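Have a look at the structure below, then the notes.
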Amino acid sequence: MASLHVYSVLVILFLTCGAVMATKENDQIIRENNCETKMGLPYVLEASTSIFVTGSISNKCCGKLVLGKVCHSALVNRTLENPLFKDISAATIIAKSIQTWNNCLALIDSPSPSA
């Protein structure tokens with residue numbers, strides 16, 4: 001449980017301060033596409049926690065996430081470039097981010113049970 005808390009704190013720390021450490025390319029993509037504004041900080045945090053820690057994401061967050069693959073990829077890449085995450089396997093994180101994206105697409109595209 002303590003490791004979950006540590007990772008959550010790291011994700012929050014990165015998202016609030018880590019932009020300075022990211023490459024200009026990903027920052028530019030994020031800025032030009034208003035990624036953090038469109039998605040909203042609570043959903044950016046939830047998606048990051050899903051990818052880096054829990055593997056679960058809410059339906060509401062999925063709805064925000066699938067607004068743009070470009071934003072999703074740029075936010076994940078910016079995180080991977082942060083020295084705080086140097087000990088985490090990039091391949092694992094990319095696989096988890098793709099899995100989260102695909103799960104959200106399936107959830108958003110599937111008809112509701114009441115339909």
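In the structure tokens, the first chain shown is A, the next is B, and so on; residue numbers restart at 1 for each chain, and ligands run from 1 in the order shown.
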Give me, as a tab-separated table, each residue of stretch 63-96 of chain A that comes within 9 Å of stretch 48-55 of chain A, together with its shortest interatomic pair and the distance in Å at one decimal, counting only C-alpha atoms, with rows ordered by chain and rising residue number.
```
residue	atom	partner	partner_atom	distance
A:Leu75	CA	A:Ser48	CA	8.8
A:Val76	CA	A:Ser48	CA	7.9
A:Thr79	CA	A:Ser48	CA	8.9
A:Ile93	CA	A:Ile51	CA	6.7
A:Ile94	CA	A:Ile51	CA	8.6
A:Ala95	CA	A:Ile51	CA	9.0
A:Lys96	CA	A:Ile51	CA	5.5
```
Write the residues of the preceding selection, restricted to N, CA and C atoms, as a tab-separated table (two decimals), in the first residue's frame.
```tsv
chain	number	residue	atom	x	y	z
A	75	LEU	N	1.46	12.92	-23.43
A	75	LEU	CA	1.53	12.92	-21.96
A	75	LEU	C	2.32	11.72	-21.45
A	76	VAL	N	2.12	10.54	-22.06
A	76	VAL	CA	2.88	9.35	-21.66
A	76	VAL	C	4.37	9.55	-21.98
A	79	THR	N	6.07	11.89	-19.59
A	79	THR	CA	6.31	11.22	-18.32
A	79	THR	C	7.53	10.30	-18.41
A	93	ILE	N	5.55	0.53	-19.56
A	93	ILE	CA	4.66	1.69	-19.47
A	93	ILE	C	3.93	1.91	-20.79
A	94	ILE	N	4.64	1.79	-21.90
A	94	ILE	CA	3.99	1.95	-23.21
A	94	ILE	C	2.93	0.88	-23.41
A	95	ALA	N	3.24	-0.36	-23.04
A	95	ALA	CA	2.25	-1.44	-23.16
A	95	ALA	C	1.03	-1.15	-22.29
A	96	LYS	N	1.25	-0.67	-21.06
A	96	LYS	CA	0.13	-0.35	-20.18
A	96	LYS	C	-0.69	0.83	-20.72
```
* Quick one: distance from atom CA of A:Lys24 to atom CA of A:Glu81 in Å, one decimal? ->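 Taking atom CA of A:Lys24 as the start and atom CA of A:Glu81 as the end point, the length is 11.0 Å.
Proximity of A:Asp109, A:Glu25, A:Glu46, A:Asp87 to A:Ala74, computed with only C-alpha atoms, is greatest for A:Glu25.
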* Asked: At what distance in Å, to one decimal, does atom CA of A:Pro83 lie from atom CA of A:Asn26?
  ->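 Pair atom CA of A:Asn26 / atom CA of A:Pro83 returns 15.2 Å.
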* Please indicate the distance in Å from atom CA of A:Cys104 to atom CA of A:Asn59, rounded to one decimal place. =>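 Separation between atom CA of A:Cys104 and atom CA of A:Asn59: 7.6 Å.
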Could you pull out the alpha helix (DSSP H) residues of stretch 29-87 of chain A from DSSP and send them as a PDB file with N, CA, C and O atoms, in the first residue's frame?
```pdb
ATOM      1  N   ILE A  29       3.426  19.763 -28.291  1.00  0.00           N
ATOM      2  CA  ILE A  29       2.232  19.006 -28.685  1.00  0.00           C
ATOM      3  C   ILE A  29       1.143  19.188 -27.633  1.00  0.00           C
ATOM      4  O   ILE A  29      -0.018  19.444 -27.964  1.00  0.00           O
ATOM      5  N   ILE A  30       1.522  19.071 -26.373  1.00  0.00           N
ATOM      6  CA  ILE A  30       0.560  19.194 -25.268  1.00  0.00           C
ATOM      7  C   ILE A  30      -0.027  20.601 -25.249  1.00  0.00           C
ATOM      8  O   ILE A  30      -1.243  20.772 -25.111  1.00  0.00           O
ATOM      9  N   ARG A  31       0.821  21.601 -25.423  1.00  0.00           N
ATOM     10  CA  ARG A  31       0.357  22.994 -25.413  1.00  0.00           C
ATOM     11  C   ARG A  31      -0.541  23.293 -26.610  1.00  0.00           C
ATOM     12  O   ARG A  31      -1.626  23.853 -26.468  1.00  0.00           O
ATOM     13  N   GLU A  32      -0.071  22.928 -27.812  1.00  0.00           N
ATOM     14  CA  GLU A  32      -0.816  23.234 -29.036  1.00  0.00           C
ATOM     15  C   GLU A  32      -2.179  22.556 -29.076  1.00  0.00           C
ATOM     16  O   GLU A  32      -3.118  23.075 -29.674  1.00  0.00           O
ATOM     17  N   CYS A  35      -3.975  19.774 -24.303  1.00  0.00           N
ATOM     18  CA  CYS A  35      -4.227  18.434 -23.759  1.00  0.00           C
ATOM     19  C   CYS A  35      -4.643  18.457 -22.292  1.00  0.00           C
ATOM     20  O   CYS A  35      -5.641  17.824 -21.927  1.00  0.00           O
ATOM     21  N   GLU A  36      -3.886  19.153 -21.463  1.00  0.00           N
ATOM     22  CA  GLU A  36      -4.196  19.150 -20.033  1.00  0.00           C
ATOM     23  C   GLU A  36      -5.496  19.894 -19.753  1.00  0.00           C
ATOM     24  O   GLU A  36      -6.232  19.556 -18.833  1.00  0.00           O
ATOM     25  N   THR A  37      -5.806  20.904 -20.561  1.00  0.00           N
ATOM     26  CA  THR A  37      -7.047  21.654 -20.384  1.00  0.00           C
ATOM     27  C   THR A  37      -8.238  20.823 -20.842  1.00  0.00           C
ATOM     28  O   THR A  37      -9.251  20.745 -20.149  1.00  0.00           O
ATOM     29  N   LYS A  38      -8.126  20.207 -22.032  1.00  0.00           N
ATOM     30  CA  LYS A  38      -9.224  19.399 -22.569  1.00  0.00           C
ATOM     31  C   LYS A  38      -9.562  18.231 -21.651  1.00  0.00           C
ATOM     32  O   LYS A  38     -10.718  17.922 -21.424  1.00  0.00           O
ATOM     33  N   MET A  39      -8.531  17.582 -21.152  1.00  0.00           N
ATOM     34  CA  MET A  39      -8.743  16.397 -20.345  1.00  0.00           C
ATOM     35  C   MET A  39      -9.044  16.765 -18.902  1.00  0.00           C
ATOM     36  O   MET A  39      -9.840  16.099 -18.260  1.00  0.00           O
ATOM     37  N   LEU A  41      -7.026  18.222 -15.193  1.00  0.00           N
ATOM     38  CA  LEU A  41      -5.988  17.665 -14.322  1.00  0.00           C
ATOM     39  C   LEU A  41      -6.444  16.432 -13.550  1.00  0.00           C
ATOM     40  O   LEU A  41      -5.705  15.446 -13.474  1.00  0.00           O
ATOM     41  N   PRO A  42      -7.660  16.395 -12.985  1.00  0.00           N
ATOM     42  CA  PRO A  42      -8.060  15.177 -12.257  1.00  0.00           C
ATOM     43  C   PRO A  42      -8.042  13.925 -13.141  1.00  0.00           C
ATOM     44  O   PRO A  42      -7.665  12.845 -12.688  1.00  0.00           O
ATOM     45  N   TYR A  43      -8.405  14.089 -14.422  1.00  0.00           N
ATOM     46  CA  TYR A  43      -8.420  12.938 -15.326  1.00  0.00           C
ATOM     47  C   TYR A  43      -7.024  12.584 -15.817  1.00  0.00           C
ATOM     48  O   TYR A  43      -6.727  11.412 -16.044  1.00  0.00           O
ATOM     49  N   VAL A  44      -6.163  13.584 -15.987  1.00  0.00           N
ATOM     50  CA  VAL A  44      -4.755  13.315 -16.315  1.00  0.00           C
ATOM     51  C   VAL A  44      -4.129  12.498 -15.187  1.00  0.00           C
ATOM     52  O   VAL A  44      -3.441  11.505 -15.421  1.00  0.00           O
ATOM     53  N   LEU A  45      -4.407  12.900 -13.947  1.00  0.00           N
ATOM     54  CA  LEU A  45      -3.879  12.178 -12.785  1.00  0.00           C
ATOM     55  C   LEU A  45      -4.430  10.755 -12.730  1.00  0.00           C
ATOM     56  O   LEU A  45      -3.697   9.804 -12.464  1.00  0.00           O
ATOM     57  N   GLU A  46      -5.741  10.609 -12.965  1.00  0.00           N
ATOM     58  CA  GLU A  46      -6.340   9.272 -12.917  1.00  0.00           C
ATOM     59  C   GLU A  46      -5.774   8.378 -14.010  1.00  0.00           C
ATOM     60  O   GLU A  46      -5.460   7.207 -13.771  1.00  0.00           O
ATOM     61  N   ALA A  47      -5.646   8.905 -15.221  1.00  0.00           N
ATOM     62  CA  ALA A  47      -5.086   8.111 -16.319  1.00  0.00           C
ATOM     63  C   ALA A  47      -3.641   7.721 -16.021  1.00  0.00           C
ATOM     64  O   ALA A  47      -3.236   6.573 -16.244  1.00  0.00           O
ATOM     65  N   SER A  48      -2.864   8.644 -15.479  1.00  0.00           N
ATOM     66  CA  SER A  48      -1.473   8.340 -15.130  1.00  0.00           C
ATOM     67  C   SER A  48      -1.391   7.284 -14.041  1.00  0.00           C
ATOM     68  O   SER A  48      -0.579   6.363 -14.112  1.00  0.00           O
ATOM     69  N   THR A  49      -2.250   7.409 -13.042  1.00  0.00           N
ATOM     70  CA  THR A  49      -2.283   6.417 -11.967  1.00  0.00           C
ATOM     71  C   THR A  49      -2.679   5.053 -12.524  1.00  0.00           C
ATOM     72  O   THR A  49      -2.130   4.025 -12.138  1.00  0.00           O
ATOM     73  N   ASN A  59     -15.136   5.170 -16.073  1.00  0.00           N
ATOM     74  CA  ASN A  59     -15.797   5.412 -17.353  1.00  0.00           C
ATOM     75  C   ASN A  59     -15.701   6.888 -17.743  1.00  0.00           C
ATOM     76  O   ASN A  59     -15.465   7.212 -18.901  1.00  0.00           O
ATOM     77  N   LYS A  60     -15.894   7.770 -16.764  1.00  0.00           N
ATOM     78  CA  LYS A  60     -15.845   9.206 -17.036  1.00  0.00           C
ATOM     79  C   LYS A  60     -14.457   9.614 -17.525  1.00  0.00           C
ATOM     80  O   LYS A  60     -14.325  10.396 -18.464  1.00  0.00           O
ATOM     81  N   CYS A  61     -13.427   9.062 -16.907  1.00  0.00           N
ATOM     82  CA  CYS A  61     -12.059   9.376 -17.316  1.00  0.00           C
ATOM     83  C   CYS A  61     -11.784   8.810 -18.713  1.00  0.00           C
ATOM     84  O   CYS A  61     -11.134   9.457 -19.528  1.00  0.00           O
ATOM     85  N   CYS A  62     -12.298   7.635 -18.994  1.00  0.00           N
ATOM     86  CA  CYS A  62     -12.135   7.059 -20.339  1.00  0.00           C
ATOM     87  C   CYS A  62     -12.737   7.986 -21.387  1.00  0.00           C
ATOM     88  O   CYS A  62     -12.164   8.185 -22.458  1.00  0.00           O
ATOM     89  N   GLY A  63     -13.894   8.559 -21.065  1.00  0.00           N
ATOM     90  CA  GLY A  63     -14.528   9.485 -21.988  1.00  0.00           C
ATOM     91  C   GLY A  63     -13.646  10.684 -22.291  1.00  0.00           C
ATOM     92  O   GLY A  63     -13.593  11.165 -23.421  1.00  0.00           O
ATOM     93  N   LYS A  64     -12.924  11.157 -21.292  1.00  0.00           N
ATOM     94  CA  LYS A  64     -12.001  12.276 -21.481  1.00  0.00           C
ATOM     95  C   LYS A  64     -10.738  11.820 -22.216  1.00  0.00           C
ATOM     96  O   LYS A  64     -10.230  12.524 -23.078  1.00  0.00           O
ATOM     97  N   LEU A  65     -10.248  10.626 -21.872  1.00  0.00           N
ATOM     98  CA  LEU A  65      -9.007  10.113 -22.447  1.00  0.00           C
ATOM     99  C   LEU A  65      -9.117   9.938 -23.953  1.00  0.00           C
ATOM    100  O   LEU A  65      -8.209  10.306 -24.694  1.00  0.00           O
ATOM    101  N   LYS A  69      -5.776  10.709 -29.128  1.00  0.00           N
ATOM    102  CA  LYS A  69      -4.617   9.821 -29.052  1.00  0.00           C
ATOM    103  C   LYS A  69      -3.318  10.629 -29.028  1.00  0.00           C
ATOM    104  O   LYS A  69      -2.363  10.252 -28.350  1.00  0.00           O
ATOM    105  N   VAL A  70      -3.290  11.754 -29.744  1.00  0.00           N
ATOM    106  CA  VAL A  70      -2.097  12.588 -29.773  1.00  0.00           C
ATOM    107  C   VAL A  70      -1.762  13.068 -28.362  1.00  0.00           C
ATOM    108  O   VAL A  70      -0.614  12.992 -27.924  1.00  0.00           O
ATOM    109  N   CYS A  71      -2.792  13.542 -27.648  1.00  0.00           N
ATOM    110  CA  CYS A  71      -2.575  14.023 -26.278  1.00  0.00           C
ATOM    111  C   CYS A  71      -2.135  12.874 -25.372  1.00  0.00           C
ATOM    112  O   CYS A  71      -1.206  13.016 -24.581  1.00  0.00           O
ATOM    113  N   HIS A  72      -2.809  11.740 -25.477  1.00  0.00           N
ATOM    114  CA  HIS A  72      -2.478  10.581 -24.647  1.00  0.00           C
ATOM    115  C   HIS A  72      -1.015  10.196 -24.839  1.00  0.00           C
ATOM    116  O   HIS A  72      -0.267  10.041 -23.872  1.00  0.00           O
ATOM    117  N   SER A  73      -0.592  10.080 -26.082  1.00  0.00           N
ATOM    118  CA  SER A  73       0.789   9.685 -26.383  1.00  0.00           C
ATOM    119  C   SER A  73       1.787  10.721 -25.893  1.00  0.00           C
ATOM    120  O   SER A  73       2.824  10.369 -25.322  1.00  0.00           O
ATOM    121  N   ALA A  74       1.494  11.998 -26.100  1.00  0.00           N
ATOM    122  CA  ALA A  74       2.423  13.058 -25.677  1.00  0.00           C
ATOM    123  C   ALA A  74       2.564  13.088 -24.158  1.00  0.00           C
ATOM    124  O   ALA A  74       3.675  13.258 -23.638  1.00  0.00           O
ATOM    125  N   LEU A  75       1.459  12.916 -23.427  1.00  0.00           N
ATOM    126  CA  LEU A  75       1.528  12.918 -21.965  1.00  0.00           C
ATOM    127  C   LEU A  75       2.323  11.720 -21.450  1.00  0.00           C
ATOM    128  O   LEU A  75       3.130  11.847 -20.525  1.00  0.00           O
ATOM    129  N   VAL A  76       2.123  10.544 -22.060  1.00  0.00           N
ATOM    130  CA  VAL A  76       2.881   9.352 -21.657  1.00  0.00           C
ATOM    131  C   VAL A  76       4.366   9.553 -21.977  1.00  0.00           C
ATOM    132  O   VAL A  76       5.229   9.287 -21.132  1.00  0.00           O
ATOM    133  N   ASN A  77       4.664  10.050 -23.164  1.00  0.00           N
ATOM    134  CA  ASN A  77       6.068  10.264 -23.550  1.00  0.00           C
ATOM    135  C   ASN A  77       6.744  11.292 -22.666  1.00  0.00           C
ATOM    136  O   ASN A  77       7.908  11.119 -22.288  1.00  0.00           O
ATOM    137  N   ARG A  78       6.037  12.350 -22.313  1.00  0.00           N
ATOM    138  CA  ARG A  78       6.613  13.359 -21.424  1.00  0.00           C
ATOM    139  C   ARG A  78       6.947  12.746 -20.068  1.00  0.00           C
ATOM    140  O   ARG A  78       7.989  13.013 -19.489  1.00  0.00           O
ATOM    141  N   THR A  79       6.070  11.889 -19.592  1.00  0.00           N
ATOM    142  CA  THR A  79       6.312  11.216 -18.316  1.00  0.00           C
ATOM    143  C   THR A  79       7.530  10.303 -18.415  1.00  0.00           C
ATOM    144  O   THR A  79       8.372  10.288 -17.517  1.00  0.00           O
ATOM    145  N   LEU A  80       7.637   9.557 -19.502  1.00  0.00           N
ATOM    146  CA  LEU A  80       8.771   8.645 -19.681  1.00  0.00           C
ATOM    147  C   LEU A  80      10.103   9.386 -19.744  1.00  0.00           C
ATOM    148  O   LEU A  80      11.133   8.834 -19.366  1.00  0.00           O
TER     149      LEU A  80
END
```
